[in-house]
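K.L.:
Just one file: run-v6.tsv, with TSV, C-alpha atoms.
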```tsv
chain	number	residue	atom	x	y	z
A	1	MET	CA	-75.92	-30.71	-68.93
A	2	LYS	CA	-76.34	-34.47	-68.82
A	3	ALA	CA	-76.36	-36.78	-65.83
A	4	PHE	CA	-76.79	-40.54	-65.71
A	5	GLU	CA	-78.38	-41.83	-62.55
A	6	ILE	CA	-78.17	-45.50	-61.66
A	7	GLN	CA	-81.19	-46.47	-59.60
A	8	THR	CA	-81.76	-49.71	-57.74
A	9	TYR	CA	-85.05	-51.17	-56.55
A	10	GLN	CA	-85.15	-51.88	-52.83
A	11	ASP	CA	-87.90	-52.26	-50.28
A	12	GLY	CA	-90.57	-51.42	-52.78
A	13	LYS	CA	-89.07	-48.25	-54.19
A	14	TRP	CA	-86.37	-46.97	-56.49
A	15	ARG	CA	-83.30	-45.43	-54.88
A	16	ILE	CA	-80.36	-43.55	-56.33
A	17	ASN	CA	-77.30	-45.79	-56.32
A	18	SER	CA	-74.70	-43.64	-58.04
A	19	ILE	CA	-74.42	-40.74	-60.46
A	20	PHE	CA	-72.20	-40.21	-63.49
A	21	ASP	CA	-71.74	-37.62	-66.17
A	22	ASP	CA	-70.46	-40.23	-68.61
A	23	ARG	CA	-72.88	-42.51	-70.43
A	24	GLU	CA	-70.43	-45.36	-70.95
A	25	LEU	CA	-69.38	-45.33	-67.31
A	26	ALA	CA	-72.97	-45.39	-66.14
A	27	LEU	CA	-74.02	-48.22	-68.44
A	28	PHE	CA	-71.01	-50.33	-67.54
A	29	GLU	CA	-71.54	-49.78	-63.84
A	30	ALA	CA	-75.26	-50.48	-64.13
A	31	ARG	CA	-74.59	-53.81	-65.77
A	32	ARG	CA	-72.11	-54.70	-63.06
A	33	VAL	CA	-74.61	-53.80	-60.35
A	34	ASP	CA	-77.27	-55.78	-62.17
A	35	GLU	CA	-75.05	-58.85	-62.43
A	36	SER	CA	-74.27	-58.71	-58.73
A	37	SER	CA	-77.90	-59.74	-58.05
A	38	ARG	CA	-77.77	-57.54	-54.97
A	39	TYR	CA	-80.86	-55.64	-55.99
A	40	SER	CA	-84.25	-56.61	-57.32
A	41	ALA	CA	-83.79	-54.41	-60.35
A	42	VAL	CA	-81.50	-51.77	-61.82
A	43	ARG	CA	-82.10	-48.96	-64.26
A	44	VAL	CA	-80.25	-45.93	-65.62
A	45	ILE	CA	-82.05	-42.63	-65.99
A	46	GLU	CA	-80.57	-40.07	-68.34
A	47	GLU	CA	-81.31	-36.52	-67.20
A	48	LEU	CA	-80.87	-33.70	-69.64
A	49	PHE	CA	-81.00	-30.21	-68.21
A	50	ASP	CA	-81.73	-27.47	-70.72
A	51	GLU	CA	-80.20	-24.32	-69.31
A	52	ALA	CA	-82.06	-22.12	-71.76
A	53	SER	CA	-85.47	-23.28	-70.61
A	54	SER	CA	-84.39	-24.53	-67.15
A	55	LYS	CA	-86.26	-27.72	-67.88
A	56	THR	CA	-85.09	-31.25	-67.19
A	57	SER	CA	-86.06	-34.14	-69.38
A	58	THR	CA	-85.50	-37.74	-68.38
A	59	LYS	CA	-85.24	-40.98	-70.29
A	60	THR	CA	-84.60	-44.54	-69.18
A	61	ILE	CA	-81.64	-45.86	-71.14
A	62	PHE	CA	-81.08	-49.17	-69.36
A	63	ARG	CA	-83.19	-51.64	-67.48
A	64	GLY	CA	-81.74	-54.55	-65.58
A	65	GLY	CA	-83.09	-58.04	-65.93
A	66	ARG	CA	-86.04	-57.60	-63.60
A	67	ALA	CA	-86.70	-53.88	-63.97
A	68	ALA	CA	-89.62	-54.48	-66.30
A	69	GLU	CA	-91.28	-56.70	-63.69
A	70	VAL	CA	-90.68	-54.09	-61.01
A	71	ARG	CA	-92.30	-51.41	-63.09
A	72	THR	CA	-95.51	-53.39	-63.09
A	73	VAL	CA	-95.18	-54.23	-59.40
A	74	ARG	CA	-94.84	-50.54	-58.59
A	75	GLU	CA	-98.42	-49.90	-59.55
A	76	PRO	CA	-100.36	-52.85	-58.17
A	77	ASP	CA	-103.50	-50.85	-57.58
A	78	ALA	CA	-103.49	-49.44	-61.06
A	79	ARG	CA	-102.91	-52.90	-62.45
A	80	LYS	CA	-105.71	-54.35	-60.37
A	81	LYS	CA	-108.03	-51.57	-61.48
A	82	ALA	CA	-107.02	-52.04	-65.06
A	83	ALA	CA	-107.48	-55.79	-64.75
A	84	ALA	CA	-110.83	-55.27	-63.06
A	85	ASN	CA	-111.88	-52.91	-65.82
A	86	ARG	CA	-110.70	-55.35	-68.42
A	87	SER	CA	-112.48	-58.28	-66.79
A	88	GLY	CA	-115.52	-56.11	-66.14
A	89	ARG	CA	-115.70	-55.09	-69.75
A	90	GLY	CA	-115.10	-58.66	-70.74
A	91	ALA	CA	-117.83	-59.93	-68.46
A	92	ASN	CA	-120.22	-57.34	-69.80
A	93	ASN	CA	-119.33	-58.24	-73.30
A	94	ARG	CA	-119.69	-61.89	-72.60
A	95	SER	CA	-123.01	-61.40	-70.78
A	96	GLY	CA	-124.06	-59.18	-73.63
A	97	VAL	CA	-123.38	-62.03	-75.98
A	98	ARG	CA	-125.33	-64.32	-73.72
A	99	ARG	CA	-128.19	-61.86	-73.63
A	100	THR	CA	-128.17	-61.55	-77.36
A	101	ALA	CA	-128.06	-65.29	-77.70
A	102	GLY	CA	-130.75	-65.60	-75.04
A	103	ARG	CA	-133.21	-63.61	-77.13
A	104	ARG	CA	-133.12	-66.17	-79.88
A	105	PRO	CA	-134.46	-69.27	-78.06
A	106	PRO	CA	-138.02	-67.89	-77.76
A	107	ALA	CA	-138.10	-67.58	-81.51
A	108	LYS	CA	-136.81	-71.11	-81.75
A	109	LYS	CA	-139.48	-72.19	-79.25
A	110	LYS	CA	-142.16	-70.74	-81.49
A	111	THR	CA	-140.75	-72.67	-84.38
A	112	SER	CA	-140.51	-75.88	-82.37
A	113	MET	CA	-144.13	-75.49	-81.05
A	114	ALA	CA	-145.54	-75.08	-84.55
A	115	GLY	CA	-144.20	-78.42	-85.68
A	116	PRO	CA	-145.99	-80.57	-83.07
A	117	VAL	CA	-149.22	-78.63	-83.48
A	118	ILE	CA	-149.21	-79.20	-87.22
A	119	LEU	CA	-148.30	-82.82	-86.65
A	120	LEU	CA	-151.15	-83.19	-84.15
A	121	VAL	CA	-153.62	-81.59	-86.52
A	122	LEU	CA	-152.36	-83.85	-89.29
A	123	VAL	CA	-152.75	-86.98	-87.09
A	124	ILE	CA	-156.28	-85.95	-86.12
A	125	VAL	CA	-157.26	-85.25	-89.71
A	126	LEU	CA	-155.74	-88.50	-90.99
A	127	GLY	CA	-157.25	-90.45	-88.08
A	128	GLY	CA	-160.68	-88.97	-88.77
A	129	ALA	CA	-160.32	-89.71	-92.44
A	130	ALA	CA	-159.30	-93.29	-91.68
A	131	MET	CA	-162.29	-93.80	-89.38
A	132	PHE	CA	-164.56	-92.25	-91.97
A	133	GLY	CA	-163.13	-94.54	-94.66
A	134	LEU	CA	-163.53	-97.67	-92.55
A	135	GLN	CA	-167.14	-96.77	-91.78
A	136	HIS	CA	-167.76	-95.95	-95.42
A	137	PHE	CA	-166.27	-99.19	-96.78
A	138	GLY	CA	-167.94	-101.20	-93.97
A	139	SER	CA	-171.40	-99.90	-94.97
A	140	LEU	CA	-170.81	-100.98	-98.60
A	141	ARG	CA	-170.61	-104.69	-97.58
B	1	MET	CA	-87.45	-61.97	-74.84
B	2	GLU	CA	-90.00	-59.51	-73.59
B	3	LYS	CA	-90.44	-56.49	-75.80
B	4	ALA	CA	-88.89	-53.38	-74.27
B	5	PRO	CA	-91.08	-50.35	-73.63
B	6	GLU	CA	-90.91	-47.69	-76.32
B	7	ASP	CA	-89.04	-45.23	-74.12
B	8	VAL	CA	-86.19	-47.64	-73.46
B	9	THR	CA	-83.04	-47.88	-75.51
B	10	ARG	CA	-81.11	-51.11	-75.14
B	11	GLU	CA	-77.38	-50.97	-75.51
B	12	VAL	CA	-74.82	-53.70	-75.62
B	13	VAL	CA	-72.19	-53.16	-72.95
B	14	GLY	CA	-68.88	-54.91	-73.41
B	15	ASP	CA	-67.27	-57.19	-70.88
B	16	ASP	CA	-64.06	-55.22	-70.63
B	17	LEU	CA	-63.63	-52.13	-68.53
B	18	PRO	CA	-64.37	-48.94	-70.43
B	19	GLN	CA	-61.54	-47.47	-72.41
B	20	GLY	CA	-59.23	-44.94	-70.79
B	21	MET	CA	-57.36	-44.95	-67.53
B	22	GLU	CA	-59.70	-42.28	-66.17
B	23	ARG	CA	-62.71	-44.54	-66.41
B	24	ARG	CA	-60.84	-47.58	-65.14
B	25	LEU	CA	-59.85	-45.68	-62.00
B	26	VAL	CA	-63.47	-44.86	-61.28
B	27	HIS	CA	-64.63	-48.43	-61.80
B	28	ARG	CA	-61.83	-49.96	-59.79
B	29	LEU	CA	-62.39	-47.70	-56.78
B	30	LEU	CA	-66.16	-47.94	-56.97
B	31	ALA	CA	-65.97	-51.74	-57.08
B	32	TYR	CA	-63.65	-51.71	-54.08
B	33	TRP	CA	-66.00	-49.36	-52.19
B	34	ARG	CA	-68.98	-51.59	-52.93
B	35	GLY	CA	-67.00	-54.55	-51.67
B	36	LEU	CA	-66.51	-52.78	-48.34
B	37	GLN	CA	-70.20	-52.08	-47.92
B	38	LEU	CA	-72.11	-54.05	-45.33
B	39	GLU	CA	-75.72	-54.13	-46.49
B	40	GLU	CA	-76.50	-50.56	-47.54
B	41	GLU	CA	-74.30	-48.85	-44.98
B	42	PHE	CA	-71.47	-46.51	-45.88
B	43	PRO	CA	-68.09	-48.22	-45.57
B	44	SER	CA	-65.62	-47.24	-42.88
B	45	PHE	CA	-62.16	-45.78	-43.47
B	46	ALA	CA	-60.87	-48.44	-41.08
B	47	ALA	CA	-61.88	-51.12	-43.56
B	48	ILE	CA	-59.63	-49.73	-46.31
B	49	ASP	CA	-56.44	-51.62	-46.99
B	50	PRO	CA	-54.12	-49.72	-49.35
B	51	GLU	CA	-52.44	-52.97	-50.34
B	52	GLU	CA	-55.69	-54.13	-51.91
B	53	ILE	CA	-55.75	-51.21	-54.34
B	54	PRO	CA	-52.07	-50.47	-55.00
B	55	ASP	CA	-52.74	-49.44	-58.60
B	56	ILE	CA	-55.01	-46.56	-57.63
B	57	TRP	CA	-53.73	-45.63	-54.18
B	58	ASN	CA	-51.54	-42.88	-55.62
B	59	ASN	CA	-54.61	-41.19	-57.07
B	60	ILE	CA	-56.59	-41.13	-53.85
B	61	PHE	CA	-57.39	-38.35	-51.42
B	62	VAL	CA	-59.29	-38.30	-48.15
B	63	LEU	CA	-61.60	-35.59	-46.85
B	64	GLU	CA	-62.74	-35.30	-43.24
B	65	VAL	CA	-66.27	-33.96	-43.04
B	66	VAL	CA	-67.26	-34.39	-39.39
B	67	GLY	CA	-66.54	-31.20	-37.49
B	68	ASN	CA	-65.80	-29.39	-40.74
B	69	GLU	CA	-69.12	-29.66	-42.51
B	70	SER	CA	-69.00	-26.22	-44.05
B	71	ASP	CA	-65.42	-26.57	-45.26
B	72	PRO	CA	-64.05	-30.15	-45.05
B	73	VAL	CA	-60.35	-30.82	-44.49
B	74	PHE	CA	-57.96	-32.95	-46.55
B	75	ARG	CA	-56.33	-35.68	-44.46
B	76	ALA	CA	-54.44	-37.69	-47.04
B	77	PHE	CA	-53.17	-37.51	-50.61
B	78	GLY	CA	-51.74	-40.05	-53.00
B	79	ASP	CA	-48.42	-39.19	-54.59
B	80	GLU	CA	-49.90	-38.61	-58.05
B	81	ILE	CA	-52.31	-36.04	-56.69
B	82	ALA	CA	-49.80	-34.38	-54.41
B	83	ALA	CA	-47.42	-33.96	-57.34
B	84	HIS	CA	-49.78	-31.41	-58.88
B	85	TYR	CA	-49.07	-28.93	-56.05
B	86	ASP	CA	-45.95	-27.21	-54.83
B	87	THR	CA	-47.00	-27.40	-51.20
B	88	SER	CA	-48.80	-30.07	-49.24
B	89	LEU	CA	-52.57	-29.80	-49.01
B	90	ILE	CA	-52.83	-32.13	-46.04
B	91	ASP	CA	-54.80	-30.54	-43.19
B	92	ARG	CA	-55.91	-27.79	-45.55
B	93	HIS	CA	-59.54	-26.89	-46.04
B	94	ILE	CA	-61.19	-27.16	-49.44
B	95	SER	CA	-61.42	-23.38	-49.61
B	96	GLU	CA	-57.62	-23.20	-49.46
B	97	VAL	CA	-57.04	-25.27	-52.58
B	98	PRO	CA	-56.03	-23.23	-55.65
B	99	GLU	CA	-58.97	-22.80	-58.00
B	100	SER	CA	-59.26	-24.55	-61.35
B	101	THR	CA	-56.82	-27.27	-60.38
B	102	LEU	CA	-57.27	-31.03	-60.30
B	103	VAL	CA	-58.27	-31.25	-56.64
B	104	SER	CA	-60.49	-28.18	-56.53
B	105	LEU	CA	-62.45	-29.39	-59.55
B	106	SER	CA	-62.57	-32.95	-58.21
B	107	VAL	CA	-64.34	-31.83	-55.05
B	108	GLY	CA	-66.54	-29.31	-56.83
B	109	TYR	CA	-69.62	-31.53	-56.48
B	110	LEU	CA	-69.00	-32.53	-52.85
B	111	ASP	CA	-72.25	-30.93	-51.68
B	112	GLU	CA	-74.23	-33.17	-54.01
B	113	VAL	CA	-72.49	-36.27	-52.62
B	114	LEU	CA	-73.22	-35.19	-49.05
B	115	THR	CA	-76.82	-34.40	-49.89
B	116	LYS	CA	-77.62	-37.52	-51.88
B	117	GLY	CA	-75.31	-39.88	-50.01
B	118	VAL	CA	-74.24	-41.77	-53.09
B	119	PRO	CA	-71.04	-42.08	-55.12
B	120	ILE	CA	-70.74	-39.51	-57.87
B	121	SER	CA	-68.23	-39.33	-60.70
B	122	ARG	CA	-67.63	-36.29	-62.86
B	123	GLY	CA	-65.03	-35.26	-65.36
B	124	GLY	CA	-64.03	-32.25	-67.36
B	125	GLY	CA	-61.12	-30.11	-68.34
B	126	PHE	CA	-59.02	-27.20	-67.18
B	127	ILE	CA	-56.07	-25.14	-68.35
B	128	LYS	CA	-52.83	-25.30	-66.39
B	129	GLU	CA	-50.76	-22.21	-65.63
B	130	ASP	CA	-48.47	-23.00	-68.55
B	131	GLY	CA	-51.48	-23.07	-70.89
B	132	THR	CA	-51.65	-26.82	-71.26
B	133	GLU	CA	-55.15	-28.24	-71.56
B	134	VAL	CA	-55.86	-31.06	-69.14
B	135	LEU	CA	-58.72	-33.55	-69.05
B	136	TYR	CA	-59.58	-35.11	-65.70
B	137	ARG	CA	-61.99	-37.55	-64.12
B	138	SER	CA	-62.81	-37.90	-60.45
B	139	ILE	CA	-65.04	-39.81	-58.08
B	140	LEU	CA	-66.22	-39.06	-54.55
B	141	LEU	CA	-67.36	-41.87	-52.27
B	142	PRO	CA	-69.17	-41.33	-48.97
B	143	MET	CA	-67.57	-42.97	-45.91
B	144	SER	CA	-68.79	-43.32	-42.36
B	145	ASP	CA	-67.68	-44.26	-38.88
B	146	ASP	CA	-71.07	-45.59	-37.83
B	147	GLY	CA	-72.32	-46.76	-41.21
B	148	GLU	CA	-75.14	-44.24	-41.37
B	149	THR	CA	-73.73	-40.72	-41.09
B	150	ILE	CA	-71.22	-39.51	-43.64
B	151	SER	CA	-68.06	-38.65	-41.73
B	152	GLY	CA	-65.64	-38.39	-44.63
B	153	ILE	CA	-65.08	-38.75	-48.33
B	154	LEU	CA	-62.81	-41.12	-50.18
B	155	GLY	CA	-61.93	-39.46	-53.45
B	156	ALA	CA	-59.83	-40.26	-56.46
B	157	ALA	CA	-58.81	-38.35	-59.52
B	158	ASN	CA	-56.52	-38.62	-62.49
B	159	CYS	CA	-55.87	-36.55	-65.54
B	160	ARG	CA	-54.00	-36.36	-68.80
B	161	GLU	CA	-52.71	-33.50	-70.82
B	162	VAL	CA	-54.25	-32.87	-74.21
B	163	GLU	CA	-51.63	-32.77	-76.91
B	164	PRO	CA	-51.82	-29.54	-78.89
B	165	ASN	CA	-52.78	-29.90	-82.55
```
Just give me the structure of the file as structure tokens.

P.N.:
Amino acid sequence: MKAFEIQTYQDGKWRINSIFDDRELALFEARRVDESSRYSAVRVIEELFDEASSKTSTKTIFRGGRAAEVRTVREPDARKKAAANRSGRGANNRSGVRRTAGRRPPAKKKTSMAGPVILLVLVIVLGGAAMFGLQHFGSLR
Amino acid sequence: MEKAPEDVTREVVGDDLPQGMERRLVHRLLAYWRGLQLEEEFPSFAAIDPEEIPDIWNNIFVLEVVGNESDPVFRAFGDEIAAHYDTSLIDRHISEVPESTLVSLSVGYLDEVLTKGVPISRGGGFIKEDGTEVLYRSILLPMSDDGETISGILGAANCREVEPN
């Protein structure tokens, strides 16, 4: 047995608005309710009752213009948690990148320290050589 | 447009009322009932003006619930409905209506309307005494004197005979 339940979103929760056993009737009525802008959102739930198993399965077959927004509003905590997890993971990843990048500068520092030392040694050697040369050529006169 | 979730099926619904007089009756009366609603309260019988719904008034019936909760009483019938019975059903209880007839089937889900407090429409078929197969559609709408407690039901039904092959 099938039933089509029009639900409207009011005061922070979904409420049954009307019930039909005819899909076309339900969809038409849902659109009319949606267009009335009386409710934040409208949706139609199709309920299928299997008499053999006594189980009911449900499926949303229509969502009004703002029903998708409402679905996310319904679970603000979950969304916040998810967002927090996402941002947390992101922050970790980003800090991880920073940490990885931060390990490289010491190596660069070693490289940058070697240059001046070599240059200093070179200046001292050349300076010494120049002084030696001047003394040497001066003694020849 | 935002992508719909996977469990949602989008359908295009036409501008015109659904095909068939049975469905049109339901939509017309439901629209009228919604128009009588103040906020989310149940409309009052006093607010109904038959001249505003002349095309469906003959298919309407009224049930009084208050004081007869276990077996509500019929207080009014449109001519189309009344024509299905040899004797008047006015002031008769639901339990007195002949079984498997238009009215008895049309109020068969009354308990669900009283429990959920929302309009419900159902349809189906039955076989008349002369063997003719009949398809029907009905709707039950909760009404109230104070806006909050259901005191009665505004119902409507119509049917058509199925032509034998």

K.L.:
Would you write out, as a Markdown table, a table of all residues in chain A that have an atom no more than 12 Å from an atom of chain B, listing for each the closest atom pair and the distance in Å to one decimal, considering all atoms listed in the file and ordering rows by chain and rising residue number?

P.N.:
```
| residue | atom | partner | partner_atom | distance |
| --- | --- | --- | --- | --- |
| A:Met1 | CA | B:Arg122 | CA | 11.7 |
| A:Lys2 | CA | B:Arg122 | CA | 10.7 |
| A:Ala3 | CA | B:Arg122 | CA | 9.2 |
| A:Phe4 | CA | B:Ile120 | CA | 10.0 |
| A:Glu5 | CA | B:Ile120 | CA | 9.3 |
| A:Ile6 | CA | B:Val118 | CA | 10.1 |
| A:Gln7 | CA | B:Val118 | CA | 10.6 |
| A:Thr8 | CA | B:Glu40 | CA | 11.5 |
| A:Gln10 | CA | B:Glu40 | CA | 10.2 |
| A:Asp11 | CA | B:Glu40 | CA | 11.8 |
| A:Arg15 | CA | B:Val118 | CA | 9.9 |
| A:Ile16 | CA | B:Val118 | CA | 7.1 |
| A:Asn17 | CA | B:Val118 | CA | 6.0 |
| A:Ser18 | CA | B:Pro119 | CA | 4.9 |
| A:Ile19 | CA | B:Ile120 | CA | 4.7 |
| A:Phe20 | CA | B:Ser121 | CA | 4.9 |
| A:Asp21 | CA | B:Arg122 | CA | 5.4 |
| A:Asp22 | CA | B:Arg122 | CA | 7.5 |
| A:Arg23 | CA | B:Pro18 | CA | 10.7 |
| A:Glu24 | CA | B:Pro18 | CA | 7.1 |
| A:Leu25 | CA | B:Arg23 | CA | 6.8 |
| A:Ala26 | CA | B:Ser121 | CA | 9.4 |
| A:Leu27 | CA | B:Val13 | CA | 6.9 |
| A:Phe28 | CA | B:Val13 | CA | 6.2 |
| A:Glu29 | CA | B:His27 | CA | 7.3 |
| A:Ala30 | CA | B:Val13 | CA | 9.7 |
| A:Arg31 | CA | B:Val13 | CA | 7.6 |
| A:Arg32 | CA | B:Ala31 | CA | 9.1 |
| A:Val33 | CA | B:Ala31 | CA | 9.5 |
| A:Glu35 | CA | B:Asp15 | CA | 11.6 |
| A:Ser36 | CA | B:Arg34 | CA | 10.6 |
| A:Arg38 | CA | B:Glu39 | CA | 9.4 |
| A:Tyr39 | CA | B:Glu40 | CA | 10.8 |
| A:Arg43 | CA | B:Val8 | CA | 10.2 |
| A:Val44 | CA | B:Val8 | CA | 10.0 |
| A:Ile45 | CA | B:Val8 | CA | 9.9 |
| A:Glu46 | CA | B:Val8 | CA | 10.7 |
| A:Thr58 | CA | B:Asp7 | CA | 10.1 |
| A:Lys59 | CA | B:Asp7 | CA | 6.9 |
| A:Thr60 | CA | B:Val8 | CA | 5.5 |
| A:Ile61 | CA | B:Thr9 | CA | 5.0 |
| A:Phe62 | CA | B:Arg10 | CA | 6.1 |
| A:Arg63 | CA | B:Val8 | CA | 7.8 |
| A:Gly64 | CA | B:Arg10 | CA | 10.2 |
| A:Gly65 | CA | B:Glu2 | CA | 10.4 |
| A:Arg66 | CA | B:Glu2 | CA | 10.9 |
| A:Ala67 | CA | B:Ala4 | CA | 10.5 |
| A:Ala68 | CA | B:Ala4 | CA | 8.1 |
| A:Glu69 | CA | B:Glu2 | CA | 10.4 |
| A:Arg71 | CA | B:Pro5 | CA | 10.7 |
| A:Thr72 | CA | B:Pro5 | CA | 11.8 |
```

K.L.:
Neighbouring residues of stretch 58-69 of chain B were defined as those with any atom within 8 Å, considering all atoms listed in the file; residues of the same chain fewer than 5 positions away were excluded. Please report them as a ChimeraX atom specification.

P.N.:
/B:74-81,150-158

K.L.:
Do you have the atom CA of B:Thr101-atom CA of B:Phe126 distance handy?

P.N.:
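Atom CA of B:Thr101 sits 7.1 Å away from atom CA of B:Phe126.
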
K.L.:
Rank nothing, just name the residue among B:Asp49, B:Asp145, B:Glu129, B:Glu41 nearest to B:Ser100, using only C-alpha atoms.

P.N.:
B:Glu129

K.L.:
One number please: atom CA of B:Pro54 to atom CA of B:Ser138, in Å, one decimal.

P.N.:
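If I compute the distance from atom CA of B:Pro54 to atom CA of B:Ser138, I get 17.4 Å.
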